[in-house]
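One file, coords.txt, carrying compact mmCIF, C-alpha atoms:
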```txt
# COMPACT_ATOMS: atom_id res chain seq x y z
CA MET A 32 -32.11 15.72 -58.98
CA SER A 33 -31.93 12.64 -61.19
CA ASP A 34 -29.27 10.02 -60.59
CA ALA A 35 -27.51 11.12 -63.78
CA MET A 36 -27.25 14.69 -62.44
CA ARG A 37 -26.16 13.97 -58.88
CA PRO A 38 -22.47 14.12 -58.00
CA ILE A 39 -20.50 10.91 -57.82
CA ARG A 40 -20.15 9.79 -54.19
CA VAL A 41 -16.87 8.20 -53.12
CA LEU A 42 -16.07 6.73 -49.72
CA LEU A 43 -12.39 6.92 -48.77
CA GLY A 44 -10.96 5.05 -45.82
CA ILE A 45 -7.83 3.51 -44.41
CA LEU A 46 -7.89 -0.05 -43.11
CA GLY A 47 -6.49 -1.47 -39.90
CA LEU A 48 -3.54 0.10 -38.15
CA ASP A 49 -2.27 2.01 -41.18
CA GLN A 50 -2.16 5.60 -39.99
CA HIS A 51 -0.70 7.41 -42.97
CA GLU A 52 -3.43 9.61 -44.32
CA VAL A 53 -1.66 12.34 -46.27
CA GLY A 54 -2.25 10.53 -49.57
CA ALA A 55 -5.90 9.86 -48.72
CA MET A 56 -6.50 13.51 -47.91
CA ALA A 57 -4.79 14.57 -51.14
CA VAL A 58 -7.00 12.20 -53.15
CA ALA A 59 -10.10 13.41 -51.27
CA ARG A 60 -9.28 16.98 -52.28
CA LEU A 61 -8.54 15.88 -55.86
CA LEU A 62 -11.93 14.16 -56.15
CA ARG A 63 -13.78 17.08 -54.52
CA ASP A 64 -12.11 19.49 -56.93
CA ALA A 65 -13.38 17.24 -59.75
CA GLY A 66 -16.96 17.74 -58.45
CA MET A 67 -17.39 14.51 -56.50
CA GLU A 68 -18.77 14.13 -53.00
CA VAL A 69 -16.25 12.43 -50.74
CA VAL A 70 -17.10 10.66 -47.50
CA TYR A 71 -13.79 10.47 -45.66
CA LEU A 72 -13.65 7.88 -42.87
CA GLY A 73 -10.05 8.52 -41.92
CA ARG A 74 -7.81 5.97 -40.19
CA PHE A 75 -8.23 2.77 -38.18
CA ASN A 76 -11.25 1.26 -39.95
CA MET A 77 -12.17 -2.39 -40.03
CA PRO A 78 -13.90 -3.93 -43.08
CA GLU A 79 -17.29 -3.86 -41.33
CA ASP A 80 -16.91 -0.11 -40.62
CA ILE A 81 -16.25 0.64 -44.26
CA ALA A 82 -19.09 -1.58 -45.49
CA ARG A 83 -21.58 -0.06 -43.03
CA ALA A 84 -20.61 3.48 -44.01
CA ALA A 85 -20.76 2.62 -47.73
CA ALA A 86 -24.30 1.29 -47.27
CA GLU A 87 -25.45 4.25 -45.14
CA GLU A 88 -23.95 6.83 -47.49
CA GLY A 89 -25.05 5.19 -50.74
CA VAL A 90 -21.66 5.63 -52.35
CA ASP A 91 -20.80 4.80 -55.95
CA VAL A 92 -17.18 3.78 -55.31
CA VAL A 93 -15.24 2.60 -52.24
CA GLY A 94 -11.63 3.78 -52.14
CA LEU A 95 -8.92 2.38 -49.88
CA SER A 96 -5.79 4.34 -49.18
CA CYS A 97 -2.82 2.14 -48.34
CA HIS A 98 0.60 2.98 -47.04
CA SER A 99 1.15 -0.48 -45.58
CA TRP A 100 0.39 -4.08 -46.54
CA GLU A 101 -2.93 -4.25 -44.68
CA TYR A 102 -5.14 -3.98 -47.77
CA LEU A 103 -3.84 -7.45 -48.74
CA HIS A 104 -4.99 -8.85 -45.39
CA PHE A 105 -8.38 -7.08 -45.23
CA LEU A 106 -9.52 -7.20 -48.86
CA ASP A 107 -11.42 -10.51 -48.66
CA PRO A 108 -13.22 -9.61 -45.39
CA LEU A 109 -14.09 -6.20 -46.85
CA GLN A 110 -15.63 -7.75 -49.94
CA ALA A 111 -17.65 -10.13 -47.74
CA ALA A 112 -18.82 -7.25 -45.53
CA LEU A 113 -19.87 -5.23 -48.59
CA ARG A 114 -21.88 -8.20 -49.90
CA GLU A 115 -23.50 -8.59 -46.47
CA GLN A 116 -24.54 -4.92 -46.61
CA ASP A 117 -25.77 -5.26 -50.24
CA VAL A 118 -23.24 -2.69 -51.43
CA GLU A 119 -22.31 -3.16 -55.07
CA ALA A 120 -19.90 -0.23 -55.30
CA PRO A 121 -16.61 -1.10 -56.96
CA ILE A 122 -13.48 -1.05 -54.80
CA VAL A 123 -10.40 0.91 -55.80
CA VAL A 124 -7.08 0.72 -53.98
CA GLY A 125 -4.35 3.32 -54.05
CA GLY A 126 -1.22 4.15 -52.19
CA SER A 127 2.50 4.13 -52.02
CA VAL A 128 2.83 0.36 -51.57
CA VAL A 129 0.61 -0.76 -54.44
CA THR A 130 3.16 -2.35 -56.73
CA ALA A 131 2.36 -3.55 -60.24
CA ASP A 132 2.39 -7.16 -59.00
CA ASP A 133 0.04 -6.31 -56.12
CA ALA A 134 -2.26 -4.41 -58.49
CA ARG A 135 -2.56 -7.45 -60.76
CA ALA A 136 -3.12 -9.75 -57.78
CA ILE A 137 -5.87 -7.69 -56.17
CA GLN A 138 -7.60 -7.05 -59.48
CA THR A 139 -7.95 -10.83 -59.89
CA LYS A 140 -9.74 -10.75 -56.51
CA GLY A 141 -12.30 -8.25 -57.82
CA VAL A 142 -10.74 -4.86 -57.11
CA ALA A 143 -11.85 -2.59 -59.95
CA ALA A 144 -8.69 -0.45 -60.12
CA ALA A 145 -5.39 0.04 -58.34
CA PHE A 146 -3.35 3.22 -58.30
CA GLY A 147 0.33 3.32 -57.50
CA PRO A 148 2.33 6.31 -56.29
CA THR A 149 2.99 7.60 -59.81
CA THR A 150 -0.56 7.34 -61.19
CA PRO A 151 -1.50 10.69 -62.76
CA SER A 152 -4.35 12.50 -61.00
CA THR A 153 -6.25 12.73 -64.29
CA GLU A 154 -6.21 8.94 -64.54
CA ILE A 155 -7.55 8.57 -60.98
CA VAL A 156 -10.45 10.96 -61.65
CA ALA A 157 -11.28 9.42 -65.04
CA THR A 158 -11.25 5.89 -63.61
CA ILE A 159 -13.51 6.81 -60.68
CA GLU A 160 -15.94 8.55 -63.07
CA ARG A 161 -16.01 5.52 -65.36
CA LEU A 162 -16.54 3.09 -62.48
CA ALA A 163 -19.26 5.23 -60.88
CA ARG A 164 -21.18 5.53 -64.13
CA GLY A 165 -20.87 1.79 -64.67
CA SER A 166 -22.12 1.00 -61.17
CA ALA A 167 -25.18 3.20 -61.73
CA GLU A 168 -26.24 1.30 -64.84
```
Is it possible to express this structure as C-alpha cells?
Amino acid sequence: MSDAMRPIRVLLGILGLDQHEVGAMAVARLLRDAGMEVVYLGRFNMPEDIARAAAEEGVDVVGLSCHSWEYLHFLDPLQAALREQDVEAPIVVGGSVVTADDARAIQTKGVAAAFGPTTPSTEIVATIERLARGSAE
C-alpha cells in the first residue's frame, strides 16, 4: 500500500496526572469512524512516553487530550522529546480547558491546532486530515 493510500495514523494520549479520558475516547472513536488508525495511550503519560510511542508507531499526528492545565506544563518537554526521537508529526491539543487564549498561546509554541469543547467534530477530522497530508509531503 502506498503512503497516499494508507490510513492516517494518530496517537492520542493524556499527559501527567490528568485522568479524564472520556473526551479522548470520544475523539478516538470519531477519528476511527473517519477511517483513521488511532493509537490510544490512555492516561498518565510523560512526554518521553508519548514521543517514544509516536516514533515506534510512525504516526502522522500526535493528539493530546486535556481536562486540566498540564498540557501547558508539559508542552515544551514533549516537543523536545519528539525532536530527540526524530518525530516530525504535528501536535494537536484538545479538551475542555483549552480556552481561546490558551489556543493562541500554544500555537505560538508550535502546536498545529487546538480544539476547545465546542469545536465541531467535522472540523477536528478535517484539521487532522489536512495536517497528516501536510506532514507526509
Mind dumping a table of every segment 122-159 of chain A residue within 7 Å of segment 88-99 of chain A, with the nearest atom pair and its distance in Å to one decimal, using only C-alpha atoms, sorted by chain and rising number, as a tab-separated table?
```
residue	atom	partner	partner_atom	distance
A:Ile122	CA	A:Val93	CA	4.8
A:Val123	CA	A:Gly94	CA	4.8
A:Val124	CA	A:Leu95	CA	4.8
A:Gly125	CA	A:Ser96	CA	5.2
A:Gly126	CA	A:Cys97	CA	4.6
A:Ser127	CA	A:His98	CA	5.5
A:Val128	CA	A:His98	CA	5.7
```
Gly73 of chain A surroundings by all atoms listed in the file, 9 Å radius, close-in-sequence under 5 positions cut, as a list in words: Leu43, Gly44, Ile45, Leu46, Gln50, Glu52, Ala55 and Met56 of chain A
Between A:Ala86, A:Ala131, A:Val70, A:Leu162, which residue has the minimum interatomic distance to Gly147 of chain A, considering all atoms listed in the file?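 Counting all atoms listed in the file, the residue closest to Gly147 of chain A is A:Ala131.
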Would you kindly return, as a ChimeraX atom specification, each protein, DNA or RNA residue with an atom no farther than 9 Å from any atom of Pro78 of chain A, considering only C-alpha atoms and excluding same-chain residues fewer than 6 positions away? /A:46-47,105-113
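Counting only C-alpha atoms, the residue from A:Ile155, A:Ala163, A:Glu79, A:Asp117 that sits nearest to Ala59 of chain A is A:Ile155.
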Between atom CA of Ala136 of chain A and atom CA of Ile39 of chain A, what is the spacing in Å? 27.0 Å
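Counting all atoms listed in the file, the residue from A:Ala143, A:Ile159, A:Leu72, A:Ala134 that sits nearest to Leu42 of chain A is A:Leu72.
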Rank nothing, just name the residue among A:Asp133, A:Gly165, A:Gln116, A:Pro38 nearest to Asp64 of chain A, using only C-alpha atoms.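 Of A:Asp133, A:Gly165, A:Gln116, A:Pro38, the one nearest Asp64 of chain A, counting only C-alpha atoms, is A:Pro38.
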With distances taken over all atoms listed in the file, the candidate from A:Thr130, A:Glu68, A:Glu115, A:Tyr102 nearest Val142 of chain A is A:Tyr102
Using all atoms listed in the file, can you tell me which of A:Thr158, A:Asn76, A:Gln138, A:Ser152 comes closest to Leu48 of chain A?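 Ranked by minimum distance to Leu48 of chain A, first place goes to A:Asn76.
Separating atom CA of Val53 of chain A from atom CA of Arg135 of chain A is a distance of 24.5 Å.
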Can you measure atom CA of Tyr71 of chain A to atom CA of Val41 of chain A for me? One decimal in Å is fine. 8.4 Å
Neighbours of Thr153 of chain A within 10 Å (all atoms listed in the file; same-chain residues fewer than 4 positions away dropped), as a ChimeraX atom specification? /A:61,65,157-158
